[in-house]
>>> print(open('structure-v9.cif').read())   # mmCIF, C-alpha atoms
data_input
loop_
_atom_site.label_atom_id
_atom_site.label_comp_id
_atom_site.auth_asym_id
_atom_site.auth_seq_id
_atom_site.Cartn_x
_atom_site.Cartn_y
_atom_site.Cartn_z
CA MET N 1 0.00 0.00 0.00
CA LYS N 2 1.26 3.38 -1.00
CA LEU N 3 1.62 6.17 1.54
CA LEU N 4 -0.59 8.24 -0.81
CA THR N 5 -3.42 5.74 -0.38
CA ALA N 6 -3.53 6.29 3.38
CA ASN N 7 -4.76 9.81 2.58
CA PHE N 8 -7.90 8.28 1.05
CA LEU N 9 -8.68 5.52 3.54
CA SER N 10 -10.71 5.62 6.73
CA CYS N 11 -12.39 3.09 8.99
CA ALA N 12 -14.94 0.85 7.21
CA VAL N 13 -17.17 0.63 10.31
CA LYS N 14 -20.29 2.75 9.74
CA SER N 15 -20.48 4.21 13.23
CA CYS N 16 -16.91 5.53 12.82
CA LYS N 17 -17.70 7.57 9.69
CA SER N 18 -18.75 10.63 11.66
CA SER N 19 -15.78 10.48 14.02
CA PRO N 20 -12.77 12.65 13.11
CA LEU N 21 -10.64 10.02 14.89
CA SER N 22 -11.32 7.46 12.14
CA PHE N 23 -9.09 9.37 9.69
CA PRO N 24 -6.31 8.87 8.99
CA LEU N 25 -5.93 5.26 10.05
CA HIS N 26 -2.72 4.78 12.04
CA PHE N 27 0.10 2.59 10.80
CA ARG N 28 1.50 0.01 13.21
CA ASP N 29 4.40 -2.42 12.78
CA ALA N 30 4.89 -1.30 9.20
CA GLU N 31 7.52 -2.90 6.99
CA LEU N 32 8.41 -0.61 4.12
CA ALA N 33 9.78 -1.10 0.65
CA SER N 34 10.67 1.35 -2.06
CA LYS N 35 9.15 0.47 -5.39
CA SER N 36 10.21 2.36 -8.47
CA VAL N 37 7.32 3.69 -10.58
CA PRO N 38 7.31 6.23 -13.44
CA TYR N 39 7.52 9.89 -12.33
CA ASN N 40 4.41 11.83 -13.39
CA PRO N 41 4.66 15.57 -12.58
CA LEU N 42 1.27 16.33 -14.22
CA LEU N 43 -0.46 13.89 -11.87
CA LEU N 44 1.48 14.99 -8.78
CA SER N 45 1.03 18.74 -9.26
CA ASN N 46 -2.74 18.26 -9.66
CA LEU N 47 -2.96 15.77 -6.78
CA LEU N 48 -1.33 18.21 -4.39
CA PRO N 49 -4.43 20.44 -3.87
CA ARG N 50 -6.47 17.30 -3.07
CA LEU N 51 -4.20 16.04 -0.29
CA ASP N 52 -5.10 16.36 3.37
CA TRP N 53 -1.63 17.52 4.37
CA THR N 54 -2.12 17.25 8.14
CA ALA N 55 -3.19 13.61 7.74
CA LEU N 56 -0.26 12.97 5.42
CA VAL N 57 2.22 14.40 7.94
CA THR N 58 0.73 12.08 10.59
CA SER N 59 0.91 9.00 8.34
CA SER N 60 4.46 9.86 7.25
CA SER N 61 5.73 10.29 10.79
CA GLU N 62 4.27 6.88 11.69
CA LEU N 63 6.40 5.44 8.91
CA GLY N 64 9.50 7.40 9.94
CA PHE N 65 9.44 10.23 7.41
CA THR N 66 9.38 13.92 8.21
CA LEU N 67 7.40 16.07 5.82
CA PRO N 68 7.21 19.89 5.91
CA ALA N 69 4.57 20.97 8.44
CA THR N 70 2.66 22.93 5.83
CA LYS N 71 1.67 21.89 2.34
CA PRO N 72 4.26 22.99 -0.23
CA LEU N 73 2.90 25.38 -2.83
CA LEU N 74 4.01 25.18 -6.41
CA GLN N 75 5.47 28.46 -7.67
CA SER N 76 4.01 28.67 -11.13
CA GLU N 77 2.13 27.00 -13.94
CA ASN N 78 5.39 26.06 -15.57
CA ILE N 79 7.22 23.78 -13.22
CA GLY N 80 10.57 25.35 -12.29
CA GLU N 81 13.56 23.79 -10.56
CA GLU N 82 12.27 24.34 -7.05
CA ASP N 83 8.87 22.88 -7.91
CA GLU N 84 10.59 19.97 -9.60
CA ASN N 85 12.41 19.20 -6.33
CA THR N 86 9.13 19.35 -4.42
CA LEU N 87 7.38 17.06 -6.89
CA LYS N 88 10.27 14.57 -6.90
CA MET N 89 10.16 14.47 -3.10
CA LEU N 90 6.38 13.88 -3.24
CA HIS N 91 6.85 11.19 -5.86
CA LYS N 92 9.31 9.32 -3.66
CA VAL N 93 7.19 9.60 -0.52
CA LEU N 94 3.68 9.21 -1.92
CA MET N 95 4.08 6.92 -4.91
CA GLU N 96 7.21 4.86 -4.25
CA THR N 97 6.88 4.14 -0.55
CA GLU N 98 5.02 0.86 -0.10
CA VAL N 99 3.87 -0.59 3.18
CA VAL N 100 4.42 -4.27 2.51
CA GLU N 101 3.35 -5.72 5.85
CA GLY N 102 1.75 -4.16 8.90
CA LYS N 103 -1.49 -2.86 10.29
CA MET N 104 -3.72 0.17 10.09
CA VAL N 105 -5.60 1.00 13.27
CA CYS N 106 -8.76 3.10 13.64
CA GLY N 107 -8.35 5.87 16.22
CA SER N 108 -12.06 5.71 16.99
CA CYS N 109 -12.98 2.01 17.44
CA GLY N 110 -9.48 0.53 17.62
CA PHE N 111 -10.12 -2.05 14.89
CA GLU N 112 -6.91 -3.27 13.25
CA TYR N 113 -6.81 -3.78 9.49
CA GLY N 114 -4.02 -6.02 8.26
CA ILE N 115 -1.68 -5.20 5.40
CA HIS N 116 -0.19 -8.28 3.79
CA GLN N 117 1.90 -8.49 0.61
CA SER N 118 1.25 -4.74 0.08
CA VAL N 119 -2.55 -5.13 0.13
CA GLY N 120 -4.73 -3.81 2.96
CA ASN N 121 -7.68 -5.96 4.01
CA PHE N 122 -10.73 -3.91 5.04
CA LEU N 123 -13.28 -6.72 5.20
CA LEU N 124 -15.10 -6.54 8.52
CA PRO N 125 -16.12 -9.43 10.74
CA SER N 126 -19.91 -9.87 10.56
CA HIS N 127 -20.59 -8.35 14.01
CA LEU N 128 -19.12 -5.00 12.82
CA VAL N 129 -21.06 -4.81 9.53
CA MET W 130 -28.49 -12.36 1.83
CA ALA W 131 -24.85 -11.71 2.70
CA GLU W 132 -24.27 -15.45 3.20
CA TYR W 133 -25.94 -16.25 -0.11
CA GLU W 134 -23.67 -13.76 -1.88
CA ASP W 135 -20.68 -15.18 -0.06
CA GLN W 136 -21.41 -18.62 -1.51
CA HIS W 137 -22.64 -17.60 -4.95
CA VAL W 138 -20.44 -14.61 -5.67
CA HIS W 139 -17.38 -14.21 -3.41
CA GLN W 140 -16.31 -17.84 -3.11
CA VAL W 141 -16.78 -18.36 -6.83
CA TYR W 142 -14.59 -15.41 -7.81
CA ASP W 143 -11.92 -16.55 -5.38
CA LYS W 144 -11.80 -19.91 -7.16
CA ILE W 145 -12.01 -18.63 -10.73
CA ALA W 146 -9.86 -15.51 -10.24
CA SER W 147 -6.93 -16.29 -12.53
CA HIS W 148 -9.08 -17.70 -15.34
CA PHE W 149 -11.58 -14.85 -15.01
CA SER W 150 -8.74 -12.35 -15.07
CA ALA W 151 -7.29 -13.83 -18.26
CA THR W 152 -10.60 -13.12 -20.01
CA ARG W 153 -10.86 -9.53 -18.81
CA TYR W 154 -8.42 -7.14 -20.40
CA LYS W 155 -10.21 -5.03 -22.98
CA PRO W 156 -11.79 -1.83 -21.57
CA TRP W 157 -15.34 -1.15 -22.66
CA PRO W 158 -15.67 2.06 -24.77
CA ILE W 159 -18.00 3.97 -22.41
CA VAL W 160 -15.71 3.23 -19.46
CA HIS W 161 -12.68 4.24 -21.48
CA GLU W 162 -14.26 7.57 -22.41
CA PHE W 163 -15.38 8.27 -18.82
CA LEU W 164 -11.83 7.73 -17.55
CA THR W 165 -9.91 9.55 -20.26
CA THR W 166 -12.00 12.75 -19.97
CA LEU W 167 -11.26 13.19 -16.23
CA ALA W 168 -9.14 16.19 -15.18
CA PRO W 169 -5.48 15.39 -14.35
CA GLY W 170 -5.02 14.77 -10.63
CA SER W 171 -8.58 13.47 -10.18
CA VAL W 172 -8.83 10.93 -7.37
CA GLY W 173 -11.32 8.09 -7.60
CA ILE W 174 -12.34 4.62 -6.55
CA ASP W 175 -13.04 1.53 -8.62
CA VAL W 176 -15.50 -0.42 -6.51
CA GLY W 177 -15.30 -4.07 -7.50
CA CYS W 178 -12.15 -3.50 -9.54
CA GLY W 179 -11.65 -7.21 -10.30
CA ASN W 180 -8.27 -7.72 -11.97
CA GLY W 181 -7.79 -3.96 -12.24
CA LYS W 182 -8.24 -3.65 -15.98
CA TYR W 183 -9.48 -0.04 -15.67
CA LEU W 184 -6.77 1.17 -13.25
CA ASN W 185 -4.23 1.96 -15.98
CA VAL W 186 -6.53 3.55 -18.60
CA ASN W 187 -5.65 7.14 -17.59
CA PRO W 188 -2.18 7.51 -15.99
CA ASN W 189 -2.94 11.12 -14.93
CA VAL W 190 -5.59 10.17 -12.35
CA PHE W 191 -5.17 8.24 -9.10
CA ILE W 192 -7.51 5.34 -8.37
CA VAL W 193 -7.92 3.16 -5.31
CA GLY W 194 -9.46 -0.04 -6.63
CA SER W 195 -11.19 -2.40 -4.24
CA ASP W 196 -12.72 -5.81 -4.51
CA ARG W 197 -14.28 -8.36 -2.17
CA CYS W 198 -12.16 -11.07 -3.78
CA GLU W 199 -8.62 -11.11 -2.43
CA ASN W 200 -7.22 -13.17 -5.29
CA LEU W 201 -8.41 -10.64 -7.86
CA VAL W 202 -7.07 -7.74 -5.78
CA LYS W 203 -3.61 -9.34 -5.77
CA ILE W 204 -3.71 -9.59 -9.56
CA ALA W 205 -4.82 -5.93 -9.78
CA LYS W 206 -1.98 -4.79 -7.49
CA ASP W 207 0.63 -6.37 -9.75
CA GLN W 208 -0.97 -4.97 -12.88
CA ALA W 209 -1.22 -1.35 -11.71
CA PRO W 210 2.02 -0.19 -10.04
CA THR W 211 1.10 3.51 -10.21
CA GLN W 212 -2.35 2.97 -8.67
CA ASP W 213 -3.44 1.17 -5.52
CA VAL W 214 -5.89 -1.47 -4.34
CA ALA W 215 -7.56 -2.78 -1.20
CA THR W 216 -9.69 -5.74 -0.24
CA ALA W 217 -13.07 -4.32 0.77
CA ASP W 218 -16.83 -4.80 0.58
CA ILE W 219 -19.03 -2.44 -1.43
CA LEU W 220 -21.41 -2.03 1.55
CA SER W 221 -18.59 -1.22 4.04
CA GLN W 222 -16.07 0.84 2.13
CA PRO W 223 -12.95 2.12 3.90
CA HIS W 224 -13.22 5.70 2.70
CA LYS W 225 -14.30 9.10 3.98
CA PRO W 226 -17.65 10.42 2.70
CA SER W 227 -17.56 13.24 0.11
CA SER W 228 -13.93 12.75 -0.81
CA PHE W 229 -13.72 11.50 -4.41
CA ASP W 230 -13.84 13.18 -7.81
CA PHE W 231 -15.10 10.02 -9.44
CA ALA W 232 -16.10 6.42 -8.91
CA LEU W 233 -16.46 3.39 -11.14
CA SER W 234 -18.46 0.30 -10.43
CA ILE W 235 -18.41 -1.99 -13.41
CA ALA W 236 -20.34 -5.26 -13.38
CA VAL W 237 -20.67 -5.36 -9.59
CA ILE W 238 -24.07 -4.12 -8.39
CA HIS W 239 -25.84 -6.97 -10.21
CA HIS W 240 -24.15 -9.42 -7.80
CA LEU W 241 -26.12 -8.13 -4.80
CA SER W 242 -29.08 -10.36 -4.16
CA SER W 243 -31.97 -8.07 -3.15
CA PRO W 244 -33.34 -4.72 -4.39
CA GLU W 245 -32.54 -3.15 -1.01
CA ARG W 246 -28.91 -4.27 -1.11
CA ARG W 247 -28.48 -3.03 -4.69
CA VAL W 248 -29.86 0.39 -3.76
CA GLU W 249 -27.65 0.42 -0.64
CA ALA W 250 -24.63 -0.38 -2.82
CA ILE W 251 -25.40 2.62 -5.03
CA SER W 252 -25.90 4.95 -2.07
CA SER W 253 -22.65 3.75 -0.54
CA ILE W 254 -20.88 4.84 -3.74
CA LEU W 255 -22.78 8.15 -3.98
CA GLU W 256 -21.90 9.17 -0.42
CA LEU W 257 -18.18 8.85 -1.16
CA LEU W 258 -18.41 11.30 -4.08
CA LYS W 259 -17.84 15.02 -3.78
CA PRO W 260 -21.09 17.01 -4.12
CA ALA W 261 -23.02 17.34 -7.38
CA GLY W 262 -21.01 19.09 -10.07
CA GLU W 263 -17.69 17.97 -8.55
CA GLY W 264 -18.08 14.21 -8.31
CA LYS W 265 -19.60 11.60 -10.61
CA ALA W 266 -19.81 7.83 -10.86
CA LEU W 267 -20.14 5.40 -13.75
CA LEU W 268 -22.24 2.31 -12.98
CA TYR W 269 -22.51 -0.73 -15.23
CA VAL W 270 -24.81 -3.73 -14.85
CA TRP W 271 -25.67 -6.77 -16.96
CA ALA W 272 -28.84 -6.34 -19.00
CA LEU W 273 -31.80 -8.70 -19.15
CA GLU W 274 -32.34 -7.62 -22.74
CA GLN W 275 -29.57 -9.41 -24.64
CA LYS W 276 -31.41 -11.41 -27.27
CA ASN W 277 -28.39 -11.50 -29.56
CA SER W 278 -25.85 -12.56 -26.96
CA ARG W 279 -24.71 -16.13 -26.40
CA ARG W 280 -27.10 -16.23 -23.42
CA GLY W 281 -30.08 -15.13 -25.49
CA TRP W 282 -32.08 -13.65 -22.61
CA ASP W 283 -34.88 -11.19 -23.40
CA GLU W 284 -37.26 -8.96 -21.44
CA ASN W 285 -39.42 -11.97 -20.49
CA SER W 286 -36.59 -14.01 -18.98
CA GLU W 287 -36.04 -14.63 -15.27
CA GLN W 288 -34.10 -11.71 -13.71
CA ASP W 289 -32.42 -13.54 -10.83
CA VAL W 290 -30.16 -16.21 -12.23
CA LEU W 291 -27.19 -18.43 -11.45
CA VAL W 292 -24.70 -18.29 -14.30
CA PRO W 293 -22.15 -21.08 -14.63
CA TRP W 294 -18.41 -20.52 -15.01
CA VAL W 295 -16.44 -23.54 -16.14
CA LEU W 296 -12.70 -23.43 -15.56
CA THR W 297 -10.70 -24.27 -18.64
CA LYS W 298 -7.94 -26.81 -18.11
CA GLN W 299 -4.95 -24.63 -17.38
CA PHE W 300 -6.73 -22.71 -14.64
CA LYS W 301 -7.81 -25.72 -12.60
CA GLU W 302 -6.44 -26.40 -9.15
CA PRO W 303 -3.81 -27.54 -8.52
CA SER W 304 -2.26 -25.31 -11.15
CA LYS W 305 -0.19 -27.81 -13.07
CA LYS W 306 1.00 -26.35 -16.35
CA ASP W 307 0.19 -28.81 -19.07
CA LYS W 308 2.05 -27.50 -22.10
CA SER W 309 0.24 -29.71 -24.60
CA THR W 310 -3.19 -28.24 -23.84
CA GLU W 311 -2.10 -24.64 -23.49
CA SER W 312 -2.52 -23.55 -27.09
CA GLU W 313 -5.89 -25.18 -27.68
CA SER W 314 -7.41 -23.87 -24.47
CA LYS W 315 -5.91 -20.40 -24.72
CA THR W 316 -8.62 -17.95 -23.80
CA GLU W 317 -10.09 -15.87 -26.56
CA SER W 318 -10.98 -12.19 -26.48
CA THR W 319 -14.39 -12.89 -25.03
CA GLU W 320 -15.22 -14.96 -22.01
CA LYS W 321 -15.07 -18.60 -22.97
CA GLU W 322 -16.34 -21.43 -20.87
CA SER W 323 -15.24 -24.81 -22.04
CA GLU W 324 -17.86 -27.50 -21.90
CA ALA W 325 -15.21 -30.14 -21.29
CA GLU W 326 -16.49 -33.32 -19.71
CA GLY W 327 -16.01 -33.55 -16.00
CA SER W 328 -15.62 -29.78 -15.60
CA LYS W 329 -17.54 -28.61 -12.57
CA PRO W 330 -19.21 -25.27 -13.21
CA PHE W 331 -19.09 -22.57 -10.57
CA LEU W 332 -22.41 -20.78 -10.25
CA ARG W 333 -22.41 -17.02 -9.90
CA TYR W 334 -25.54 -15.12 -8.84
CA TYR W 335 -26.68 -12.23 -11.05
CA HIS W 336 -29.64 -9.90 -11.02
CA LEU W 337 -30.22 -9.00 -14.69
CA TYR W 338 -31.35 -5.41 -15.06
CA LYS W 339 -34.42 -4.41 -17.08
CA GLN W 340 -34.52 -1.19 -19.05
CA GLY W 341 -35.00 1.75 -16.65
CA GLU W 342 -34.29 -0.30 -13.51
CA LEU W 343 -30.76 1.01 -12.95
CA GLU W 344 -32.02 4.60 -13.17
CA ASP W 345 -34.82 3.75 -10.70
CA ASN W 346 -32.28 2.26 -8.28
CA VAL W 347 -30.15 5.40 -8.54
CA LYS W 348 -33.14 7.60 -7.70
CA SER W 349 -34.06 5.36 -4.74
CA ALA W 350 -30.47 5.74 -3.56
CA GLY W 351 -30.84 9.53 -3.60
CA GLY W 352 -28.82 10.09 -6.76
CA ASN W 353 -29.29 11.96 -10.00
CA VAL W 354 -28.75 10.34 -13.41
CA ILE W 355 -26.64 12.57 -15.67
CA ASN W 356 -26.61 10.20 -18.62
CA SER W 357 -27.45 6.57 -19.24
CA GLY W 358 -27.67 4.00 -21.98
CA TYR W 359 -27.12 0.48 -23.25
CA GLU W 360 -23.80 -0.93 -24.42
CA LYS W 361 -23.25 -4.50 -25.53
CA ASP W 362 -25.54 -6.45 -23.20
CA ASN W 363 -25.19 -3.96 -20.35
CA TRP W 364 -27.05 -0.97 -18.95
CA TRP W 365 -24.88 1.93 -17.78
CA ALA W 366 -25.49 5.23 -16.00
CA ILE W 367 -23.35 8.23 -15.10
CA VAL W 368 -24.66 9.54 -11.79
CA GLU W 369 -24.05 12.20 -9.17
CA ARG W 370 -25.34 13.17 -5.76
CA THR W 371 -28.39 15.40 -5.53
CA THR W 372 -26.80 17.48 -2.79
#
>>> encode(input="structure-v9.cif", output="structure tokens")
Amino acid sequence: MKLLTANFLSCAVKSCKSSPLSFPLHFRDAELASKSVPYNPLLLSNLLPRLDWTALVTSSSELGFTLPATKPLLQSENIGEEDENTLKMLHKVLMETEVVEGKMVCGSCGFEYGIHQSVGNFLLPSHLV
Amino acid sequence: MAEYEDQHVHQVYDKIASHFSATRYKPWPIVHEFLTTLAPGSVGIDVGCGNGKYLNVNPNVFIVGSDRCENLVKIAKDQAPTQDVATADILSQPHKPSSFDFALSIAVIHHLSSPERRVEAISSILELLKPAGEGKALLYVWALEQKNSRRGWDENSEQDVLVPWVLTKQFKEPSKKDKSTESESKTESTEKESEAEGSKPFLRYYHLYKQGELEDNVKSAGGNVINSGYEKDNWWAIVERTT
């Protein structure tokens, strides 16, 4: 699971949907791998406004990365050198960092979702559906 | 209902995953157009993504695909290195409400086994979309009206059916590669079920949609139909929230 994906996941339990504690889910016992994928500045620069930066900083710190406290702003329409560095950093962190094994825990109900072979399992036991 | 679907949908896909996946690689035109006209940076979900054949259509959007079937999700993960996947249920999705620019659900809603559950599936997708004007979903279901298909169903046929899937030789468990049969049983561009003797069919539950029924379900789910139509044995609709 990519670090980027954590920005779009929350607890699957219905009663947690209204709780701010159910997002982001918290990584535990994460084993990381770096997986090379093609760099796509068009995607990244347009993804940036859609990111919940506070949640991303939280997720990153749980995985041992330190991101800037505030969301970086791109300087211009035409991507300059400084923007290029920002986008390359985002590419490495968001797209190439994979959580291969571990857990994601809901801050509201405490349910633990397993991540195995880079895939998170969000199927709930029947008593939580 | 959930147990019935577990037996007649989930368990079947888990068993037929690799064969099913080998028959599913060509994007349907309406789906292709929906995906390629999205703005760069759009973030979406593919609910019931199967083997992930739609995840790579537009490299400038980010999609989290999910499926109930873990074996298909694993195939999707390997096929789409720039996208991501999760194992999840359409009725309990691990996402925040109002957070996506788009959603896809292709050939999924027809696997839910009551009208209430199908409407619930659609509302569970709608609630994850951004408000009307910002978020939209493409839904696709199998049509009852497919007189000219191999199945030959028409508007008078039974709507709730069990459809067999027969594994061709090379996809049977245990997966022994038998070189001599590989060429003759190679899967063609459309789904092919061999009628080989001794093959045990897996039965999948489907609700076949009548004309207008998908739109009715969307309205019951509190959604608005932007556009809808029929494409090659399927009904489709592009929908948004009403709020």
>>> closest_atom_pairs(input="structure-v9.cif", of="chain N", to="chain W", cutoff="10 Å", atoms="only C-alpha atoms", output="tab-separated table")
residue	atom	partner	partner_atom	distance
N:Met1	CA	W:Asp213	CA	6.6
N:Lys2	CA	W:Asp213	CA	6.9
N:Leu4	CA	W:Asp213	CA	9.0
N:Thr5	CA	W:Asp213	CA	6.9
N:Ala6	CA	W:His224	CA	9.7
N:Asn7	CA	W:His224	CA	9.4
N:Phe8	CA	W:His224	CA	6.1
N:Leu9	CA	W:His224	CA	4.6
N:Ser10	CA	W:His224	CA	4.7
N:Cys11	CA	W:Pro223	CA	5.2
N:Ala12	CA	W:Pro223	CA	4.1
N:Val13	CA	W:Ser221	CA	6.7
N:Lys14	CA	W:Ser221	CA	7.2
N:Cys16	CA	W:Lys225	CA	9.9
N:Lys17	CA	W:Lys225	CA	6.8
N:Ser18	CA	W:Lys225	CA	9.0
N:Pro20	CA	W:Lys225	CA	9.9
N:Ser22	CA	W:Lys225	CA	8.8
N:Phe23	CA	W:Lys225	CA	7.7
N:Pro24	CA	W:Lys225	CA	9.4
N:Leu25	CA	W:Pro223	CA	9.8
N:Lys35	CA	W:Pro210	CA	8.5
N:Ser36	CA	W:Pro210	CA	8.7
N:Val37	CA	W:Thr211	CA	6.2
N:Pro38	CA	W:Thr211	CA	7.5
N:Tyr39	CA	W:Thr211	CA	9.3
N:Asn40	CA	W:Asn189	CA	7.5
N:Pro41	CA	W:Asn189	CA	9.1
N:Leu42	CA	W:Asn189	CA	6.7
N:Leu43	CA	W:Gly170	CA	4.8
N:Leu44	CA	W:Gly170	CA	6.8
N:Ser45	CA	W:Gly170	CA	7.4
N:Asn46	CA	W:Gly170	CA	4.3
N:Leu47	CA	W:Gly170	CA	4.5
N:Leu48	CA	W:Gly170	CA	8.0
N:Pro49	CA	W:Gly170	CA	8.8
N:Arg50	CA	W:Val172	CA	8.0
N:Leu51	CA	W:Val172	CA	9.9
N:Met95	CA	W:Thr211	CA	7.0
N:Glu96	CA	W:Thr211	CA	8.6
N:Ile115	CA	W:Ala215	CA	9.2
N:Gln117	CA	W:Lys203	CA	8.5
N:Ser118	CA	W:Lys206	CA	8.2
N:Val119	CA	W:Ala215	CA	5.7
N:Gly120	CA	W:Ala215	CA	5.1
N:Asn121	CA	W:Thr216	CA	4.7
N:Phe122	CA	W:Ala217	CA	4.9
N:Leu123	CA	W:Ala217	CA	5.0
N:Leu124	CA	W:Ser221	CA	7.8
N:Ser126	CA	W:Ala131	CA	9.5
N:Leu128	CA	W:Ser221	CA	9.6
N:Val129	CA	W:Ser221	CA	7.0
>>> resolve_selection(input="structure-v9.cif", expression="the PyMOL selection byres ((chain W and resi 361-364) around 7)", output="PDB file with C-alpha atoms, in the coordinates of the input")
ATOM      1  CA  TYR W 269     -22.510  -0.730 -15.230  1.00  0.00           C
ATOM      2  CA  VAL W 270     -24.810  -3.730 -14.850  1.00  0.00           C
ATOM      3  CA  TRP W 271     -25.670  -6.770 -16.960  1.00  0.00           C
ATOM      4  CA  ALA W 272     -28.840  -6.340 -19.000  1.00  0.00           C
ATOM      5  CA  GLU W 274     -32.340  -7.620 -22.740  1.00  0.00           C
ATOM      6  CA  GLN W 275     -29.570  -9.410 -24.640  1.00  0.00           C
ATOM      7  CA  GLY W 358     -27.670   4.000 -21.980  1.00  0.00           C
ATOM      8  CA  TYR W 359     -27.120   0.480 -23.250  1.00  0.00           C
ATOM      9  CA  GLU W 360     -23.800  -0.930 -24.420  1.00  0.00           C
ATOM     10  CA  TRP W 365     -24.880   1.930 -17.780  1.00  0.00           C
TER      11      TRP W 365
END
>>> residues_around(input="structure-v9.cif", residues="W:Leu241", least_positions_apart="6", cutoff="12 Å", atoms="only C-alpha atoms", output="number ranges by chain")
W: 130-139, 177, 218-220, 247-251, 270, 289-290, 333-338
>>> resolve_selection(input="structure-v9.cif", expression="the PyMOL selection byres ((chain W and resi 183) around 10)", output="ChimeraX atom specification")
/W:154-157,160-161,164,175,178-182,184-187,192,194,205,209,233,235
>>> write_last_selection(input="structure-v9.cif", atoms="C-alpha atoms", output="tab-separated table (two decimals), in the frame of the given file")
chain	number	residue	atom	x	y	z
W	154	TYR	CA	-8.42	-7.14	-20.40
W	155	LYS	CA	-10.21	-5.03	-22.98
W	156	PRO	CA	-11.79	-1.83	-21.57
W	157	TRP	CA	-15.34	-1.15	-22.66
W	160	VAL	CA	-15.71	3.23	-19.46
W	161	HIS	CA	-12.68	4.24	-21.48
W	164	LEU	CA	-11.83	7.73	-17.55
W	175	ASP	CA	-13.04	1.53	-8.62
W	178	CYS	CA	-12.15	-3.50	-9.54
W	179	GLY	CA	-11.65	-7.21	-10.30
W	180	ASN	CA	-8.27	-7.72	-11.97
W	181	GLY	CA	-7.79	-3.96	-12.24
W	182	LYS	CA	-8.24	-3.65	-15.98
W	184	LEU	CA	-6.77	1.17	-13.25
W	185	ASN	CA	-4.23	1.96	-15.98
W	186	VAL	CA	-6.53	3.55	-18.60
W	187	ASN	CA	-5.65	7.14	-17.59
W	192	ILE	CA	-7.51	5.34	-8.37
W	194	GLY	CA	-9.46	-0.04	-6.63
W	205	ALA	CA	-4.82	-5.93	-9.78
W	209	ALA	CA	-1.22	-1.35	-11.71
W	233	LEU	CA	-16.46	3.39	-11.14
W	235	ILE	CA	-18.41	-1.99	-13.41
>>> closest_residue(input="structure-v9.cif", among="N:Leu67, N:Leu3, N:Leu21, N:Ala30", to="N:Lys103", atoms="all atoms listed in the file")
N:Ala30
>>> axis_aligned_box(input="structure-v9.cif", around="stretch 273-291 of chain W", padding_each_side="5 Å", output="lines of an AutoDock Vina configuration file")
center_x = -32.1
center_y = -13.0
center_z = -20.2
size_x = 24.7
size_y = 20.8
size_z = 28.7
>>> atom_distance(input="structure-v9.cif", atom1="atom CA of W:Ser252", atom2="atom CA of W:Gly351")
6.9 Å
>>> atom_distance(input="structure-v9.cif", atom1="atom CA of N:Ile79", atom2="atom CA of N:Val93")
19.0 Å
>>> atom_distance(input="structure-v9.cif", atom1="atom CA of N:Met89", atom2="atom CA of N:Ser34")
13.2 Å
>>> resolve_selection(input="structure-v9.cif", expression="the PyMOL selection byres ((chain N and resi 101) around 6)", output="PyMOL selection string")
chain N and resi 30-31+99-100+102+115-116
>>> residues_near_point(input="structure-v9.cif", point="(-35.3, 3.5, -15.9)", cutoff="12 Å", atoms="only C-alpha atoms", output="PyMOL selection string")
chain W and resi 338-349+353-354+356-359+364-366
